[in-house]
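Remarks on the structure that follows.
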Amino acid sequence: MKLRVILTAMAYLALSGCDEKPPAEPPPQAAVTQKPAAPIAETKPVEHRVSGSITRLDDGPYPMFTLTLQPAAGDVLSLDLNAEDVDLVGLEIAALKPGLGVTVTYISREKPNLMDMTVDHRGGERSVLGSDAPKNFDPAWKNITGTLSDAGAPSGGDLPDTITVTGRDGIKVSFDIYINDEMVPANGKLVTAFYDMRTENRVTRVRR
């Protein structure tokens with residue numbers, strides 16, 4: 001009798017152990033992904049007019065100059081001046097000397113500045129900027145993937161050319177850059193452009 005009771009108790013315990021469910025595992029956490037920032041094209045230009053004294057005029061690749069102006073009030077301004085696309089109101093470039101008091105009209109806008117551009121090459125990504133490719137990548141750069149256009153030949157003039165990357169959604173981002181030999185084969189192909197935004201201040205009029 002005692003043996004039967006013991007066997008019955010053991011069987012009950014065994015069945016109870018089979019009914020126990022293992023502790024539920026915590027649900028897996030969703031992977032955290034960072035959505036890339038939407039591509040940004042250049043902003044609309046804003047016109048400014050300021051009076052002050054010229055402190056210096058530095059020449060770059062003709063017809064580009066950098067005009068430095070000390071306003072009557074405020075910080076020193078560094079402005080881009082295209083000698084072939086500016087109204088000097090009867091002045092000559094040579095007359096823009098330090099100390100000359102002038103009123104300058106200029107437009108300011110944010111423009112995309114190309115930092116790197118890559119294209120698929122044998123299953124990997126290769127920069128098309130050659131020796132100008134950055135050594136380090138900045139995660140703050142914006143990017144756009146799309147078809148490269150207007151880069152069919154290396155730049156031959158003193159001024160940069162304008163190239164465009166058009167995304168699948170129709171968004172276009174253009175860059176002013178000197179086209180090198182490495183970029184030409186990527187024209188018409190799918191590329192990824194990495195860029196930041198820079199402020200351009202371009203002089204449109206100078207008068208005494």
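Identifiers in the structure tokens: chain A, B, ... in order shown; residue index from 1 per chain; ligand index from 1 in order shown.
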
- Task: Please provide the set of residues having any atom within 7 Å of Thr105 of chain A, restricted to only C-alpha atoms, with same-chain residues fewer than 5 positions apart removed, written as a PyMOL selection string.
- Result: chain A and resi 48-50+203-206

- Item | Test item: residues at most 8 Å from segment 90-102 of chain A, only C-alpha atoms, excluding those fewer than 2 positions along its chain, as a VMD selection string | chain A and resid 51 to 57 83 88 104 206 to 208

Quick one: write out the picked residues with N, CA, C and O atoms as a CSV table (one decimal), in the first residue's frame?
chain,number,residue,atom,x,y,z
A,51,SER,N,27.8,99.3,-46.5
A,51,SER,CA,28.9,100.4,-46.8
A,51,SER,C,30.0,100.2,-45.8
A,51,SER,O,29.9,99.8,-44.7
A,52,GLY,N,31.2,100.4,-46.4
A,52,GLY,CA,32.4,100.3,-45.6
A,52,GLY,C,33.7,100.6,-46.4
A,52,GLY,O,33.6,101.2,-47.5
A,53,SER,N,34.8,100.2,-45.8
A,53,SER,CA,36.1,100.4,-46.5
A,53,SER,C,36.7,99.1,-46.9
A,53,SER,O,36.7,98.1,-46.2
A,54,ILE,N,37.3,99.1,-48.1
A,54,ILE,CA,38.0,98.0,-48.6
A,54,ILE,C,39.3,97.8,-47.8
A,54,ILE,O,40.0,98.8,-47.6
A,55,THR,N,39.6,96.6,-47.3
A,55,THR,CA,40.8,96.3,-46.6
A,55,THR,C,41.8,95.6,-47.5
A,55,THR,O,43.0,95.7,-47.3
A,56,ARG,N,41.3,94.8,-48.4
A,56,ARG,CA,42.2,94.1,-49.4
A,56,ARG,C,41.4,93.5,-50.5
A,56,ARG,O,40.2,93.2,-50.4
A,57,LEU,N,42.1,93.2,-51.6
A,57,LEU,CA,41.5,92.5,-52.8
A,57,LEU,C,42.5,91.5,-53.2
A,57,LEU,O,43.6,91.8,-53.6
A,83,ALA,N,35.0,89.3,-61.8
A,83,ALA,CA,35.2,90.5,-62.5
A,83,ALA,C,34.4,90.6,-63.8
A,83,ALA,O,34.2,91.7,-64.3
A,88,LEU,N,30.6,97.5,-61.5
A,88,LEU,CA,31.5,98.3,-60.8
A,88,LEU,C,31.1,99.8,-60.9
A,88,LEU,O,31.9,100.6,-60.3
A,104,VAL,N,28.6,98.1,-51.2
A,104,VAL,CA,28.7,96.8,-51.9
A,104,VAL,C,27.3,96.1,-51.8
A,104,VAL,O,26.7,96.0,-50.7
A,206,VAL,N,29.4,97.3,-57.0
A,206,VAL,CA,30.2,98.1,-56.1
A,206,VAL,C,30.2,99.5,-56.7
A,206,VAL,O,30.4,99.7,-57.8
A,207,ARG,N,29.9,100.4,-55.8
A,207,ARG,CA,29.9,101.8,-56.1
A,207,ARG,C,30.6,102.7,-55.0
A,207,ARG,O,30.5,102.3,-53.9
A,208,ARG,N,31.2,103.8,-55.4
A,208,ARG,CA,31.8,104.7,-54.5
A,208,ARG,C,30.7,105.5,-53.7
A,208,ARG,O,29.7,105.8,-54.3

- Message: So that I can see what lies close to Lys172 of chain A, please list as a ChimeraX atom specification the residues with an atom at most 12 Å from it, counting only C-alpha atoms and leaving out residues fewer than 3 positions away in the same chain.
- Response: /A:38-42,112,143-149,163-169,175,193

Restricted to N, CA and C atoms, what would the selected residues look like written as a PDB file, in the first residue's frame?
ATOM      1  N   ALA A  38      17.461  64.113 -45.643  1.00  0.00           N
ATOM      2  CA  ALA A  38      17.048  64.321 -47.028  1.00  0.00           C
ATOM      3  C   ALA A  38      18.042  65.245 -47.724  1.00  0.00           C
ATOM      4  N   PRO A  39      18.317  64.991 -48.991  1.00  0.00           N
ATOM      5  CA  PRO A  39      19.234  65.874 -49.714  1.00  0.00           C
ATOM      6  C   PRO A  39      18.737  67.309 -49.720  1.00  0.00           C
ATOM      7  N   ILE A  40      19.663  68.247 -49.659  1.00  0.00           N
ATOM      8  CA  ILE A  40      19.325  69.662 -49.660  1.00  0.00           C
ATOM      9  C   ILE A  40      20.034  70.336 -50.826  1.00  0.00           C
ATOM     10  N   ALA A  41      19.279  71.028 -51.640  1.00  0.00           N
ATOM     11  CA  ALA A  41      19.874  71.806 -52.724  1.00  0.00           C
ATOM     12  C   ALA A  41      20.190  73.204 -52.186  1.00  0.00           C
ATOM     13  N   GLU A  42      20.718  74.072 -53.040  1.00  0.00           N
ATOM     14  CA  GLU A  42      21.062  75.411 -52.578  1.00  0.00           C
ATOM     15  C   GLU A  42      19.817  76.196 -52.186  1.00  0.00           C
ATOM     16  N   PRO A 112      25.516  73.544 -51.846  1.00  0.00           N
ATOM     17  CA  PRO A 112      26.151  72.255 -51.572  1.00  0.00           C
ATOM     18  C   PRO A 112      27.625  72.292 -51.968  1.00  0.00           C
ATOM     19  N   ASN A 143      24.096  63.287 -48.060  1.00  0.00           N
ATOM     20  CA  ASN A 143      24.421  62.478 -49.236  1.00  0.00           C
ATOM     21  C   ASN A 143      23.205  62.308 -50.119  1.00  0.00           C
ATOM     22  N   ILE A 144      23.475  62.054 -51.369  1.00  0.00           N
ATOM     23  CA  ILE A 144      22.428  61.749 -52.337  1.00  0.00           C
ATOM     24  C   ILE A 144      22.964  60.700 -53.297  1.00  0.00           C
ATOM     25  N   THR A 145      22.149  59.707 -53.578  1.00  0.00           N
ATOM     26  CA  THR A 145      22.498  58.671 -54.551  1.00  0.00           C
ATOM     27  C   THR A 145      21.626  58.862 -55.781  1.00  0.00           C
ATOM     28  N   GLY A 146      22.260  58.941 -56.935  1.00  0.00           N
ATOM     29  CA  GLY A 146      21.514  59.166 -58.167  1.00  0.00           C
ATOM     30  C   GLY A 146      22.424  59.156 -59.371  1.00  0.00           C
ATOM     31  N   THR A 147      21.887  59.609 -60.489  1.00  0.00           N
ATOM     32  CA  THR A 147      22.627  59.591 -61.753  1.00  0.00           C
ATOM     33  C   THR A 147      23.416  60.885 -61.920  1.00  0.00           C
ATOM     34  N   LEU A 148      24.693  60.732 -62.235  1.00  0.00           N
ATOM     35  CA  LEU A 148      25.569  61.884 -62.443  1.00  0.00           C
ATOM     36  C   LEU A 148      25.412  62.395 -63.872  1.00  0.00           C
ATOM     37  N   SER A 149      25.322  63.715 -64.011  1.00  0.00           N
ATOM     38  CA  SER A 149      25.236  64.324 -65.344  1.00  0.00           C
ATOM     39  C   SER A 149      26.122  65.561 -65.408  1.00  0.00           C
ATOM     40  N   ILE A 163      28.108  70.254 -62.014  1.00  0.00           N
ATOM     41  CA  ILE A 163      27.630  68.891 -62.246  1.00  0.00           C
ATOM     42  C   ILE A 163      26.380  68.675 -61.404  1.00  0.00           C
ATOM     43  N   THR A 164      25.585  67.667 -61.767  1.00  0.00           N
ATOM     44  CA  THR A 164      24.318  67.420 -61.073  1.00  0.00           C
ATOM     45  C   THR A 164      24.153  65.934 -60.798  1.00  0.00           C
ATOM     46  N   VAL A 165      23.636  65.631 -59.612  1.00  0.00           N
ATOM     47  CA  VAL A 165      23.248  64.259 -59.267  1.00  0.00           C
ATOM     48  C   VAL A 165      21.732  64.260 -59.087  1.00  0.00           C
ATOM     49  N   THR A 166      21.049  63.415 -59.868  1.00  0.00           N
ATOM     50  CA  THR A 166      19.590  63.346 -59.830  1.00  0.00           C
ATOM     51  C   THR A 166      19.164  62.037 -59.191  1.00  0.00           C
ATOM     52  N   GLY A 167      18.473  62.128 -58.053  1.00  0.00           N
ATOM     53  CA  GLY A 167      18.030  60.938 -57.347  1.00  0.00           C
ATOM     54  C   GLY A 167      16.844  60.276 -58.026  1.00  0.00           C
ATOM     55  N   ARG A 168      16.526  59.069 -57.596  1.00  0.00           N
ATOM     56  CA  ARG A 168      15.391  58.333 -58.173  1.00  0.00           C
ATOM     57  C   ARG A 168      14.072  59.051 -57.933  1.00  0.00           C
ATOM     58  N   ASP A 169      14.021  59.868 -56.870  1.00  0.00           N
ATOM     59  CA  ASP A 169      12.796  60.598 -56.561  1.00  0.00           C
ATOM     60  C   ASP A 169      12.716  61.933 -57.291  1.00  0.00           C
ATOM     61  N   PHE A 175      26.640  70.752 -57.970  1.00  0.00           N
ATOM     62  CA  PHE A 175      27.896  71.134 -57.333  1.00  0.00           C
ATOM     63  C   PHE A 175      28.772  71.873 -58.338  1.00  0.00           C
ATOM     64  N   ALA A 193      26.979  61.024 -53.801  1.00  0.00           N
ATOM     65  CA  ALA A 193      27.714  62.254 -53.516  1.00  0.00           C
ATOM     66  C   ALA A 193      27.559  62.599 -52.035  1.00  0.00           C
TER      67      ALA A 193
END

- Item | Of the listed residues A:Arg122, A:Phe194, A:Leu114, A:Ser174, that which approaches Ala140 of chain A most closely, counting only C-alpha atoms | A:Phe194

- Task: Could you tell me, as a PyMOL selection string, which residues of chain A DSSP assigns to strand (DSSP E) when given the backbone?
- Result: chain A and resi 46-59+64-71+77-82+101-121+124-127+142-149+161-167+172-177+190-207

- Take atom CA of Glu110 of chain A and atom CA of Lys44 of chain A and report the distance between them in Å, one decimal. 7.9 Å

- Message: For a quick check of understanding, using only C-alpha atoms, which of A:Gly170, A:Ser131, A:Val119, A:Asp138 has the smallest distance to Asn187 of chain A?
- Response: A:Val119

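Among the candidates A:Thr162, A:Pro134, A:Leu81, A:Val46, the one nearest to Pro61 of chain A when counting only C-alpha atoms is A:Leu81.
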
- Item | Near-Asn113 of chain A list (6 Å; only C-alpha atoms; drop same-chain fewer than 4 positions) as a PyMOL selection string | chain A and resi 195-197

Next, write the just-selected residues to a file, as a PDB file, in the first residue's frame, keeping N, CA and C atoms as the atom set.
ATOM      1  N   TYR A 195      28.317  65.586 -49.181  1.00  0.00           N
ATOM      2  CA  TYR A 195      28.545  67.024 -49.229  1.00  0.00           C
ATOM      3  C   TYR A 195      28.103  67.706 -47.942  1.00  0.00           C
ATOM      4  N   ASP A 196      28.604  68.931 -47.756  1.00  0.00           N
ATOM      5  CA  ASP A 196      28.099  69.787 -46.698  1.00  0.00           C
ATOM      6  C   ASP A 196      27.595  71.070 -47.339  1.00  0.00           C
ATOM      7  N   MET A 197      27.064  71.965 -46.533  1.00  0.00           N
ATOM      8  CA  MET A 197      26.531  73.226 -47.043  1.00  0.00           C
ATOM      9  C   MET A 197      27.480  74.363 -46.657  1.00  0.00           C
TER      10      MET A 197
END

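Closest approach to Leu159 of chain A among A:Ile107, A:Pro63, A:Glu47, A:Pro185 is made by A:Pro63 (distances from only C-alpha atoms).
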
- Task: Please return as an NGL selection string: the residues of segment 2-202 of chain A that backbone DSSP assigns to alpha helix (DSSP H).
- Result: :A and (2-19)

Write the residues you've just listed into a file as a PDB file, in the first residue's frame, and include N, CA and C atoms for each of them.
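Okay, result15.pdb is ready:
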ATOM      1  N   LYS A   2       1.867   1.251   0.915  1.00  0.00           N
ATOM      2  CA  LYS A   2       2.755   2.407   0.996  1.00  0.00           C
ATOM      3  C   LYS A   2       3.487   2.611  -0.325  1.00  0.00           C
ATOM      4  N   LEU A   3       3.901   1.471  -0.944  1.00  0.00           N
ATOM      5  CA  LEU A   3       4.637   1.550  -2.214  1.00  0.00           C
ATOM      6  C   LEU A   3       3.767   2.181  -3.279  1.00  0.00           C
ATOM      7  N   ARG A   4       2.444   1.816  -3.290  1.00  0.00           N
ATOM      8  CA  ARG A   4       1.538   2.397  -4.287  1.00  0.00           C
ATOM      9  C   ARG A   4       1.399   3.893  -4.093  1.00  0.00           C
ATOM     10  N   VAL A   5       1.308   4.328  -2.845  1.00  0.00           N
ATOM     11  CA  VAL A   5       1.168   5.763  -2.569  1.00  0.00           C
ATOM     12  C   VAL A   5       2.400   6.522  -3.037  1.00  0.00           C
ATOM     13  N   ILE A   6       3.573   5.942  -2.748  1.00  0.00           N
ATOM     14  CA  ILE A   6       4.826   6.597  -3.156  1.00  0.00           C
ATOM     15  C   ILE A   6       4.908   6.708  -4.664  1.00  0.00           C
ATOM     16  N   LEU A   7       4.569   5.617  -5.378  1.00  0.00           N
ATOM     17  CA  LEU A   7       4.628   5.629  -6.842  1.00  0.00           C
ATOM     18  C   LEU A   7       3.640   6.640  -7.410  1.00  0.00           C
ATOM     19  N   THR A   8       2.450   6.724  -6.792  1.00  0.00           N
ATOM     20  CA  THR A   8       1.443   7.682  -7.264  1.00  0.00           C
ATOM     21  C   THR A   8       1.938   9.103  -7.094  1.00  0.00           C
ATOM     22  N   ALA A   9       2.571   9.396  -5.957  1.00  0.00           N
ATOM     23  CA  ALA A   9       3.092  10.745  -5.701  1.00  0.00           C
ATOM     24  C   ALA A   9       4.202  11.100  -6.687  1.00  0.00           C
ATOM     25  N   MET A  10       5.074  10.117  -6.967  1.00  0.00           N
ATOM     26  CA  MET A  10       6.163  10.363  -7.910  1.00  0.00           C
ATOM     27  C   MET A  10       5.622  10.634  -9.305  1.00  0.00           C
ATOM     28  N   ALA A  11       4.596   9.892  -9.691  1.00  0.00           N
ATOM     29  CA  ALA A  11       4.010  10.098 -11.020  1.00  0.00           C
ATOM     30  C   ALA A  11       3.362  11.464 -11.113  1.00  0.00           C
ATOM     31  N   TYR A  12       2.706  11.878 -10.005  1.00  0.00           N
ATOM     32  CA  TYR A  12       2.047  13.197  -9.990  1.00  0.00           C
ATOM     33  C   TYR A  12       3.078  14.320 -10.131  1.00  0.00           C
ATOM     34  N   LEU A  13       4.195  14.169  -9.416  1.00  0.00           N
ATOM     35  CA  LEU A  13       5.247  15.184  -9.498  1.00  0.00           C
ATOM     36  C   LEU A  13       5.848  15.249 -10.896  1.00  0.00           C
ATOM     37  N   ALA A  14       6.032  14.088 -11.511  1.00  0.00           N
ATOM     38  CA  ALA A  14       6.606  14.051 -12.855  1.00  0.00           C
ATOM     39  C   ALA A  14       5.702  14.735 -13.855  1.00  0.00           C
ATOM     40  N   LEU A  15       4.365  14.448 -13.732  1.00  0.00           N
ATOM     41  CA  LEU A  15       3.418  15.080 -14.649  1.00  0.00           C
ATOM     42  C   LEU A  15       3.345  16.570 -14.416  1.00  0.00           C
ATOM     43  N   SER A  16       3.430  16.980 -13.139  1.00  0.00           N
ATOM     44  CA  SER A  16       3.393  18.409 -12.843  1.00  0.00           C
ATOM     45  C   SER A  16       4.586  19.110 -13.452  1.00  0.00           C
ATOM     46  N   GLY A  17       5.775  18.455 -13.401  1.00  0.00           N
ATOM     47  CA  GLY A  17       6.973  19.055 -13.999  1.00  0.00           C
ATOM     48  C   GLY A  17       6.849  19.201 -15.491  1.00  0.00           C
ATOM     49  N   CYS A  18       6.134  18.261 -16.151  1.00  0.00           N
ATOM     50  CA  CYS A  18       5.984  18.368 -17.605  1.00  0.00           C
ATOM     51  C   CYS A  18       5.076  19.505 -17.990  1.00  0.00           C
ATOM     52  N   ASP A  19       4.111  19.831 -17.088  1.00  0.00           N
ATOM     53  CA  ASP A  19       3.179  20.907 -17.418  1.00  0.00           C
ATOM     54  C   ASP A  19       3.794  22.284 -17.266  1.00  0.00           C
TER      55      ASP A  19
END
